[in-house]
>>> print(open('protein13.pdb').read())   # PDB, C-alpha atoms
ATOM      1  CA  MET A  15      72.886 -86.641-148.897
ATOM      2  CA  SER A  16      76.537 -87.509-149.553
ATOM      3  CA  PRO A  17      78.792 -84.815-151.062
ATOM      4  CA  LEU A  18      78.991 -84.928-154.857
ATOM      5  CA  PHE A  19      81.905 -84.126-157.133
ATOM      6  CA  LEU A  20      81.782 -82.880-160.731
ATOM      7  CA  SER A  21      84.714 -83.758-162.978
ATOM      8  CA  ARG A  22      85.704 -84.236-166.610
ATOM      9  CA  ALA A  23      87.581 -87.145-168.150
ATOM     10  CA  ARG A  24      89.078 -87.455-171.634
ATOM     11  CA  LEU A  25      90.542 -90.523-173.272
ATOM     12  CA  ARG A  26      94.258 -89.959-173.629
ATOM     13  CA  LYS A  27      95.553 -89.177-177.121
ATOM     14  CA  ASP A  28      99.004 -90.760-176.906
ATOM     15  CA  ALA A  29      99.999 -93.619-179.193
ATOM     16  CA  SER A  30      99.294 -96.405-176.696
ATOM     17  CA  ILE A  31      95.637 -95.361-176.427
ATOM     18  CA  GLY A  32      95.374 -94.377-180.095
ATOM     19  CA  ALA A  33      95.942 -97.998-181.090
ATOM     20  CA  ILE A  34      92.761 -99.084-179.284
ATOM     21  CA  ARG A  35      90.745 -95.853-179.434
ATOM     22  CA  SER A  36      88.281 -97.257-181.976
ATOM     23  CA  LEU A  37      87.456-100.004-179.471
ATOM     24  CA  LEU A  38      87.090 -97.607-176.543
ATOM     25  CA  SER A  39      85.112 -95.021-178.519
ATOM     26  CA  PRO A  40      83.543 -96.542-181.672
ATOM     27  CA  ALA A  41      81.970 -94.353-184.354
ATOM     28  CA  ASP A  42      78.574 -96.065-184.170
ATOM     29  CA  ASP A  43      76.339 -94.475-181.510
ATOM     30  CA  SER A  44      75.024 -97.721-180.017
ATOM     31  CA  GLU A  45      78.463 -99.328-179.884
ATOM     32  CA  ARG A  46      80.011 -96.184-178.392
ATOM     33  CA  PHE A  47      77.444 -95.869-175.596
ATOM     34  CA  SER A  48      77.876 -99.552-174.783
ATOM     35  CA  ALA A  49      81.676 -99.237-174.739
ATOM     36  CA  ALA A  50      81.534 -96.026-172.673
ATOM     37  CA  HIS A  51      79.369 -97.810-170.103
ATOM     38  CA  LYS A  52      82.316-100.144-169.437
ATOM     39  CA  VAL A  53      85.136 -97.626-169.879
ATOM     40  CA  VAL A  54      83.646 -94.988-167.568
ATOM     41  CA  TRP A  55      82.944 -97.668-164.948
ATOM     42  CA  SER A  56      86.695 -98.354-164.824
ATOM     43  CA  LEU A  57      87.124 -94.934-163.160
ATOM     44  CA  PHE A  58      85.067 -96.078-160.164
ATOM     45  CA  ALA A  59      85.618 -99.863-160.066
ATOM     46  CA  ASP A  60      87.908-100.084-157.066
ATOM     47  CA  GLY A  61      86.241-103.159-155.591
ATOM     48  CA  LYS A  62      83.947-106.036-156.574
ATOM     49  CA  GLU A  63      81.345-104.976-154.030
ATOM     50  CA  ARG A  64      80.907-101.532-155.583
ATOM     51  CA  THR A  65      77.558-100.435-156.961
ATOM     52  CA  ARG A  66      77.164 -97.489-159.318
ATOM     53  CA  ASP A  67      77.253 -94.237-157.361
ATOM     54  CA  PHE A  68      77.914 -91.878-160.259
ATOM     55  CA  LEU A  69      76.283 -90.337-163.315
ATOM     56  CA  TRP A  70      77.988 -89.581-166.595
ATOM     57  CA  ARG A  71      77.377 -87.929-169.926
ATOM     58  CA  GLU A  72      79.312 -88.072-173.175
ATOM     59  CA  ALA A  73      80.173 -84.501-174.224
ATOM     60  CA  GLY A  74      82.048 -85.707-177.312
ATOM     61  CA  PRO A  75      83.782 -88.910-178.460
ATOM     62  CA  GLY A  76      86.007 -89.965-175.567
ATOM     63  CA  PHE A  77      85.091 -86.905-173.452
ATOM     64  CA  PHE A  78      82.848 -87.299-170.397
ATOM     65  CA  TYR A  79      81.268 -85.269-167.609
ATOM     66  CA  LEU A  80      81.034 -87.164-164.319
ATOM     67  CA  LEU A  81      78.984 -86.529-161.176
ATOM     68  CA  SER A  82      79.992 -88.867-158.386
ATOM     69  CA  GLU A  83      80.154 -89.510-154.665
ATOM     70  CA  ARG A  84      83.835 -90.483-155.015
ATOM     71  CA  HIS A  85      86.726 -89.031-156.962
ATOM     72  CA  PRO A  86      87.275 -90.918-160.250
ATOM     73  CA  THR A  87      90.528 -92.872-160.295
ATOM     74  CA  ASP A  88      92.193 -93.899-163.552
ATOM     75  CA  HIS A  89      93.267 -97.418-162.600
ATOM     76  CA  LEU A  90      93.955 -98.429-166.212
ATOM     77  CA  GLY A  91      95.762 -95.324-167.439
ATOM     78  CA  LEU A  92      93.163 -94.579-170.120
ATOM     79  CA  PHE A  93      92.135 -91.041-169.175
ATOM     80  CA  GLU A  94      93.212 -87.512-168.447
ATOM     81  CA  VAL A  95      90.985 -86.581-165.483
ATOM     82  CA  ASP A  96      90.461 -83.016-164.287
ATOM     83  CA  GLU A  97      90.603 -82.273-160.575
ATOM     84  CA  PRO A  98      87.070 -82.940-159.265
ATOM     85  CA  LYS A  99      85.137 -79.943-157.957
ATOM     86  CA  LEU A 100      82.672 -80.128-155.112
ATOM     87  CA  PHE A 101      79.153 -79.889-156.521
ATOM     88  CA  GLU A 102      77.247 -77.627-154.144
ATOM     89  CA  PRO A 103      75.186 -75.095-156.147
ATOM     90  CA  ASN A 104      73.770 -72.278-154.031
ATOM     91  CA  LEU A 105      70.359 -71.846-155.623
ATOM     92  CA  LYS A 106      67.285 -69.835-154.746
ATOM     93  CA  SER A 107      63.645 -70.268-155.636
ATOM     94  CA  GLY A 108      62.868 -68.314-158.813
ATOM     95  CA  GLU A 109      66.425 -68.474-160.139
ATOM     96  CA  ARG A 110      66.811 -69.255-163.844
ATOM     97  CA  LEU A 111      69.360 -71.738-165.136
ATOM     98  CA  LYS A 112      70.494 -72.958-168.521
ATOM     99  CA  PHE A 113      70.464 -76.741-168.600
ATOM    100  CA  MET A 114      71.444 -79.681-170.756
ATOM    101  CA  LEU A 115      70.019 -83.143-170.194
ATOM    102  CA  ARG A 116      70.359 -86.434-172.033
ATOM    103  CA  ALA A 117      67.531 -88.674-170.893
ATOM    104  CA  ASN A 118      65.960 -92.046-171.472
ATOM    105  CA  ALA A 119      62.412 -90.747-171.054
ATOM    106  CA  THR A 120      59.875 -93.498-170.374
ATOM    107  CA  VAL A 121      56.338 -94.097-169.206
ATOM    108  CA  SER A 122      55.025 -97.222-167.526
ATOM    109  CA  LYS A 123      53.072 -99.318-170.011
ATOM    110  CA  ALA A 124      50.231-101.202-168.361
ATOM    111  CA  GLY A 125      50.940-104.912-167.942
ATOM    112  CA  GLU A 126      48.637-107.843-167.385
ATOM    113  CA  LYS A 127      46.505-107.838-164.257
ATOM    114  CA  GLY A 128      48.663-108.324-161.197
ATOM    115  CA  ARG A 129      51.897-107.476-163.036
ATOM    116  CA  ARG A 130      53.923-104.316-162.965
ATOM    117  CA  GLY A 131      53.878-102.214-166.099
ATOM    118  CA  LYS A 132      56.975-102.175-168.281
ATOM    119  CA  PRO A 133      58.851 -98.958-169.063
ATOM    120  CA  CYS A 134      58.250 -97.716-172.592
ATOM    121  CA  ASP A 135      60.015 -94.932-174.500
ATOM    122  CA  VAL A 136      57.678 -91.917-174.473
ATOM    123  CA  VAL A 137      58.044 -91.361-178.216
ATOM    124  CA  MET A 138      57.335 -94.955-179.204
ATOM    125  CA  ASN A 139      54.458 -95.058-176.745
ATOM    126  CA  ALA A 140      52.937 -91.977-178.385
ATOM    127  CA  ILE A 141      53.161 -93.307-181.955
ATOM    128  CA  HIS A 142      52.515 -97.028-181.383
ATOM    129  CA  SER A 143      48.939 -96.761-182.686
ATOM    130  CA  THR A 144      50.057 -94.926-185.852
ATOM    131  CA  PRO A 145      50.590 -97.175-188.901
ATOM    132  CA  PRO A 146      54.352 -97.698-189.476
ATOM    133  CA  GLY A 147      54.239 -96.022-192.873
ATOM    134  CA  GLU A 148      52.868 -92.812-191.370
ATOM    135  CA  ARG A 149      55.170 -92.501-188.356
ATOM    136  CA  ALA A 150      57.954 -90.617-190.130
ATOM    137  CA  VAL A 151      55.549 -87.760-190.919
ATOM    138  CA  ILE A 152      54.585 -87.122-187.285
ATOM    139  CA  ARG A 153      57.782 -88.246-185.589
ATOM    140  CA  SER A 154      59.415 -84.834-185.030
ATOM    141  CA  ARG A 155      56.187 -83.353-183.678
ATOM    142  CA  VAL A 156      55.672 -86.313-181.342
ATOM    143  CA  VAL A 157      59.282 -86.158-180.123
ATOM    144  CA  GLU A 158      58.768 -82.491-179.217
ATOM    145  CA  SER A 159      55.406 -82.908-177.504
ATOM    146  CA  ALA A 160      56.022 -86.227-175.705
ATOM    147  CA  GLY A 161      59.536 -85.302-174.616
ATOM    148  CA  THR A 162      58.559 -81.860-173.312
ATOM    149  CA  GLU A 163      55.550 -83.298-171.475
ATOM    150  CA  TRP A 164      57.806 -85.881-169.810
ATOM    151  CA  LEU A 165      60.346 -83.256-168.704
ATOM    152  CA  SER A 166      57.598 -80.949-167.433
ATOM    153  CA  LYS A 167      56.314 -83.777-165.225
ATOM    154  CA  GLN A 168      59.848 -84.395-163.983
ATOM    155  CA  GLY A 169      59.974 -80.739-163.017
ATOM    156  CA  GLU A 170      56.740 -81.020-161.042
ATOM    157  CA  LYS A 171      58.233 -83.893-159.046
ATOM    158  CA  HIS A 172      61.732 -82.502-158.677
ATOM    159  CA  GLY A 173      61.349 -78.808-157.983
ATOM    160  CA  PHE A 174      61.786 -76.979-161.302
ATOM    161  CA  SER A 175      59.715 -75.634-164.177
ATOM    162  CA  LEU A 176      60.623 -75.276-167.851
ATOM    163  CA  LEU A 177      61.026 -71.923-169.551
ATOM    164  CA  SER A 178      62.440 -71.126-172.982
ATOM    165  CA  ALA A 179      64.684 -73.289-175.119
ATOM    166  CA  SER A 180      68.158 -71.926-175.745
ATOM    167  CA  ARG A 181      68.108 -72.871-179.421
ATOM    168  CA  ASN A 182      65.240 -70.433-179.992
ATOM    169  CA  GLY A 183      67.185 -67.634-178.357
ATOM    170  CA  GLY A 184      64.001 -66.327-176.761
ATOM    171  CA  ASP A 185      62.500 -66.203-173.317
ATOM    172  CA  ASP A 186      59.128 -67.786-173.908
ATOM    173  CA  GLU A 187      57.237 -69.715-171.304
ATOM    174  CA  ALA A 188      57.283 -73.513-171.190
ATOM    175  CA  GLY A 189      56.222 -75.198-174.385
ATOM    176  CA  GLY A 190      57.987 -76.404-177.488
ATOM    177  CA  GLY A 191      61.597 -76.262-178.507
ATOM    178  CA  GLN A 192      63.273 -77.909-175.533
ATOM    179  CA  ILE A 193      64.570 -80.831-177.606
ATOM    180  CA  THR A 194      67.670 -80.814-179.803
ATOM    181  CA  SER A 195      67.794 -84.497-180.807
ATOM    182  CA  TYR A 196      66.182 -87.892-180.445
ATOM    183  CA  ARG A 197      67.732 -91.244-181.334
ATOM    184  CA  THR A 198      67.257 -94.895-180.553
ATOM    185  CA  LEU A 199      70.164 -97.044-179.429
ATOM    186  CA  SER A 200      70.506-100.811-179.603
ATOM    187  CA  ILE A 201      72.605-101.906-176.621
ATOM    188  CA  PRO A 202      74.047-105.450-176.835
ATOM    189  CA  ARG A 203      73.179-107.811-173.996
ATOM    190  CA  ARG A 204      72.492-111.497-173.486
ATOM    191  CA  GLY A 205      69.601-112.465-175.706
ATOM    192  CA  LYS A 206      67.742-109.643-177.425
ATOM    193  CA  PRO A 207      69.515-106.224-177.517
ATOM    194  CA  ALA A 208      68.044-103.488-175.320
ATOM    195  CA  ARG A 209      66.541-100.588-177.260
ATOM    196  CA  LEU A 210      66.792 -97.163-175.645
ATOM    197  CA  GLY A 211      65.171 -93.949-176.797
ATOM    198  CA  VAL A 212      67.502 -91.055-175.965
ATOM    199  CA  ILE A 213      66.378 -87.409-175.958
ATOM    200  CA  ASP A 214      68.730 -84.422-175.697
ATOM    201  CA  PHE A 215      67.195 -81.372-174.007
ATOM    202  CA  ASP A 216      68.790 -77.917-174.034
ATOM    203  CA  GLY A 217      66.937 -74.979-172.545
ATOM    204  CA  ILE A 218      66.191 -72.771-169.570
ATOM    205  CA  LEU A 219      64.443 -73.714-166.346
ATOM    206  CA  GLU A 220      63.316 -71.944-163.210
ATOM    207  CA  VAL A 221      64.125 -73.345-159.787
ATOM    208  CA  VAL A 222      60.975 -73.888-157.709
ATOM    209  CA  ASP A 223      62.328 -75.909-154.768
ATOM    210  CA  PRO A 224      66.141 -75.683-154.541
ATOM    211  CA  GLU A 225      66.561 -78.600-152.154
ATOM    212  CA  ARG A 226      64.459 -81.025-154.189
ATOM    213  CA  PHE A 227      66.024 -79.826-157.435
ATOM    214  CA  VAL A 228      69.641 -80.305-156.313
ATOM    215  CA  ALA A 229      68.754 -83.731-154.888
ATOM    216  CA  SER A 230      67.229 -84.760-158.233
ATOM    217  CA  ILE A 231      70.431 -83.800-160.078
ATOM    218  CA  GLY A 232      72.396 -86.086-157.771
ATOM    219  CA  GLN A 233      69.984 -88.959-158.367
ATOM    220  CA  GLY A 234      69.629 -88.405-162.112
ATOM    221  CA  LEU A 235      66.459 -88.051-164.189
ATOM    222  CA  GLY A 236      64.872 -90.917-166.096
ATOM    223  CA  ARG A 237      66.258 -94.380-166.716
ATOM    224  CA  ALA A 238      69.382 -95.916-168.352
ATOM    225  CA  LYS A 239      71.752 -93.981-166.094
ATOM    226  CA  ALA A 240      74.410 -96.665-166.559
ATOM    227  CA  PHE A 241      74.431 -95.777-170.271
ATOM    228  CA  GLY A 242      75.105 -92.058-169.983
ATOM    229  CA  CYS A 243      71.564 -90.784-169.413
ATOM    230  CA  GLY A 244      70.117 -88.767-166.551
ATOM    231  CA  LEU A 245      72.849 -86.233-165.735
ATOM    232  CA  MET A 246      71.537 -82.669-165.895
ATOM    233  CA  LEU A 247      74.245 -80.051-166.409
ATOM    234  CA  ILE A 248      73.356 -76.554-165.214
ATOM    235  CA  ARG A 249      74.753 -73.030-165.243
ATOM    236  CA  ARG A 250      73.268 -69.661-164.502
ATOM    237  CA  ALA A 251      71.297 -68.152-167.350
TER
END
>>> encode(input="protein13.pdb", output="structure tokens")
Amino acid sequence: MSPLFLSRARLRKDASIGAIRSLLSPADDSERFSAAHKVVWSLFADGKERTRDFLWREAGPGFFYLLSERHPTDHLGLFEVDEPKLFEPNLKSGERLKFMLRANATVSKAGEKGRRGKPCDVVMNAIHSTPPGERAVIRSRVVESAGTEWLSKQGEKHGFSLLSASRNGGDDEAGGGQITSYRTLSIPRRGKPARLGVIDFDGILEVVDPERFVASIGQGLGRAKAFGCGLMLIRRA
């Protein structure tokens, strides 16, 4: 596994950037995630042959956490970039960590015979059989249950288990309360816009397999990593 570096980047606040800040960081969620996809890429686009080898997360308008195999380089003079720090957590089995994760959580929806299933947002998949007029009533409960089930399965694959949610301030075993928000984004593209369901998790986990867990952080969890999903931020509980 290649070394990874954790860094922070903020859009500069001087007048030259202020004039175009609304274009680089729009107020609308969907437009901002789409713009950030391009703006953050500029920190790593040092050649046409490059493929994405980094994860990112918006911590606030124009403020990003980055996990990358290379140091970010501000070719366009848009950012203030902190000195990258080597990401090499020394973790042990049984250790508890606070975490934050923004994820595009999906399940594979069965396709026609002989065809691969298509990824489907776990929330929409759970409520698709509910009449549209009744979905608002069960939505929050479904977000909690479907999202937590998805993250629990990620833990089984990637060497961690869920414990309490930090917003509850308790230390309960895995269950509800891991989710702080859910939203759907409409990302412009050729033809029909892409719709992404985005879940924000904030809680406490226990490390089961340190090697697998650290590797999963480097790879990212879930889909839509190019649009700011998948980066898990951790610190000791």
>>> residues_around(input="protein13.pdb", residues="region 163-177 of chain A", least_positions_apart="3", cutoff="9 Å", atoms="only C-alpha atoms", output="PDB file with C-alpha atoms, keeping the file's coordinate frame")
ATOM      1  CA  SER A 107      63.645 -70.268-155.636  1.00  0.00           C
ATOM      2  CA  ARG A 110      66.811 -69.255-163.844  1.00  0.00           C
ATOM      3  CA  ALA A 119      62.412 -90.747-171.054  1.00  0.00           C
ATOM      4  CA  THR A 120      59.875 -93.498-170.374  1.00  0.00           C
ATOM      5  CA  VAL A 121      56.338 -94.097-169.206  1.00  0.00           C
ATOM      6  CA  VAL A 136      57.678 -91.917-174.473  1.00  0.00           C
ATOM      7  CA  GLU A 158      58.768 -82.491-179.217  1.00  0.00           C
ATOM      8  CA  SER A 159      55.406 -82.908-177.504  1.00  0.00           C
ATOM      9  CA  ALA A 160      56.022 -86.227-175.705  1.00  0.00           C
ATOM     10  CA  ASP A 185      62.500 -66.203-173.317  1.00  0.00           C
ATOM     11  CA  ASP A 186      59.128 -67.786-173.908  1.00  0.00           C
ATOM     12  CA  GLU A 187      57.237 -69.715-171.304  1.00  0.00           C
ATOM     13  CA  ALA A 188      57.283 -73.513-171.190  1.00  0.00           C
ATOM     14  CA  GLY A 189      56.222 -75.198-174.385  1.00  0.00           C
ATOM     15  CA  GLN A 192      63.273 -77.909-175.533  1.00  0.00           C
ATOM     16  CA  PHE A 215      67.195 -81.372-174.007  1.00  0.00           C
ATOM     17  CA  GLY A 217      66.937 -74.979-172.545  1.00  0.00           C
ATOM     18  CA  ILE A 218      66.191 -72.771-169.570  1.00  0.00           C
ATOM     19  CA  LEU A 219      64.443 -73.714-166.346  1.00  0.00           C
ATOM     20  CA  GLU A 220      63.316 -71.944-163.210  1.00  0.00           C
ATOM     21  CA  VAL A 221      64.125 -73.345-159.787  1.00  0.00           C
ATOM     22  CA  VAL A 222      60.975 -73.888-157.709  1.00  0.00           C
ATOM     23  CA  ASP A 223      62.328 -75.909-154.768  1.00  0.00           C
ATOM     24  CA  PRO A 224      66.141 -75.683-154.541  1.00  0.00           C
ATOM     25  CA  GLU A 225      66.561 -78.600-152.154  1.00  0.00           C
ATOM     26  CA  ARG A 226      64.459 -81.025-154.189  1.00  0.00           C
ATOM     27  CA  PHE A 227      66.024 -79.826-157.435  1.00  0.00           C
ATOM     28  CA  VAL A 228      69.641 -80.305-156.313  1.00  0.00           C
ATOM     29  CA  ALA A 229      68.754 -83.731-154.888  1.00  0.00           C
ATOM     30  CA  SER A 230      67.229 -84.760-158.233  1.00  0.00           C
ATOM     31  CA  ILE A 231      70.431 -83.800-160.078  1.00  0.00           C
ATOM     32  CA  LEU A 235      66.459 -88.051-164.189  1.00  0.00           C
ATOM     33  CA  GLY A 236      64.872 -90.917-166.096  1.00  0.00           C
TER      34      GLY A 236
END
>>> atom_distance(input="protein13.pdb", atom1="CA of Ile248 (chain A)", atom2="CA of Phe78 (chain A)")
15.2 Å
>>> residues_near_point(input="protein13.pdb", point="(98.3, -96.8, -166.2)", cutoff="12 Å", atoms="all atoms listed in the file", output="VMD selection string")
chain A and resid 26 30 to 31 56 to 57 87 to 94
>>> residues_near_point(input="protein13.pdb", point="(81.2, -96.6, -165.0)", cutoff="9 Å", atoms="only C-alpha atoms", output="PyMOL selection string")
chain A and resi 50-59+66-70+240-241
>>> write_last_selection(input="protein13.pdb", atoms="C-alpha atoms", output="mmCIF file, in the coordinates of the input")
data_model
loop_
_atom_site.group_PDB
_atom_site.id
_atom_site.type_symbol
_atom_site.label_atom_id
_atom_site.label_comp_id
_atom_site.auth_asym_id
_atom_site.auth_seq_id
_atom_site.Cartn_x
_atom_site.Cartn_y
_atom_site.Cartn_z
ATOM 1 C CA ALA A 50 81.534 -96.026 -172.673
ATOM 2 C CA HIS A 51 79.369 -97.810 -170.103
ATOM 3 C CA LYS A 52 82.316 -100.144 -169.437
ATOM 4 C CA VAL A 53 85.136 -97.626 -169.879
ATOM 5 C CA VAL A 54 83.646 -94.988 -167.568
ATOM 6 C CA TRP A 55 82.944 -97.668 -164.948
ATOM 7 C CA SER A 56 86.695 -98.354 -164.824
ATOM 8 C CA LEU A 57 87.124 -94.934 -163.160
ATOM 9 C CA PHE A 58 85.067 -96.078 -160.164
ATOM 10 C CA ALA A 59 85.618 -99.863 -160.066
ATOM 11 C CA ARG A 66 77.164 -97.489 -159.318
ATOM 12 C CA ASP A 67 77.253 -94.237 -157.361
ATOM 13 C CA PHE A 68 77.914 -91.878 -160.259
ATOM 14 C CA LEU A 69 76.283 -90.337 -163.315
ATOM 15 C CA TRP A 70 77.988 -89.581 -166.595
ATOM 16 C CA ALA A 240 74.410 -96.665 -166.559
ATOM 17 C CA PHE A 241 74.431 -95.777 -170.271
#
>>> residues_around(input="protein13.pdb", residues="Gly76 (chain A)", least_positions_apart="4", cutoff="9 Å", atoms="all atoms listed in the file", output="PyMOL selection string")
chain A and resi 23-26+35+38-39+50+72+93
>>> atom_distance(input="protein13.pdb", atom1="CA of Lys123 (chain A)", atom2="CA of Thr65 (chain A)")
27.8 Å
>>> residues_around(input="protein13.pdb", residues="Ser16 (chain A)", least_positions_apart="2", cutoff="10 Å", atoms="only C-alpha atoms", output="list in words")
Leu18, Phe19, Ser82, Glu83, Arg84 and Gly232 of chain A
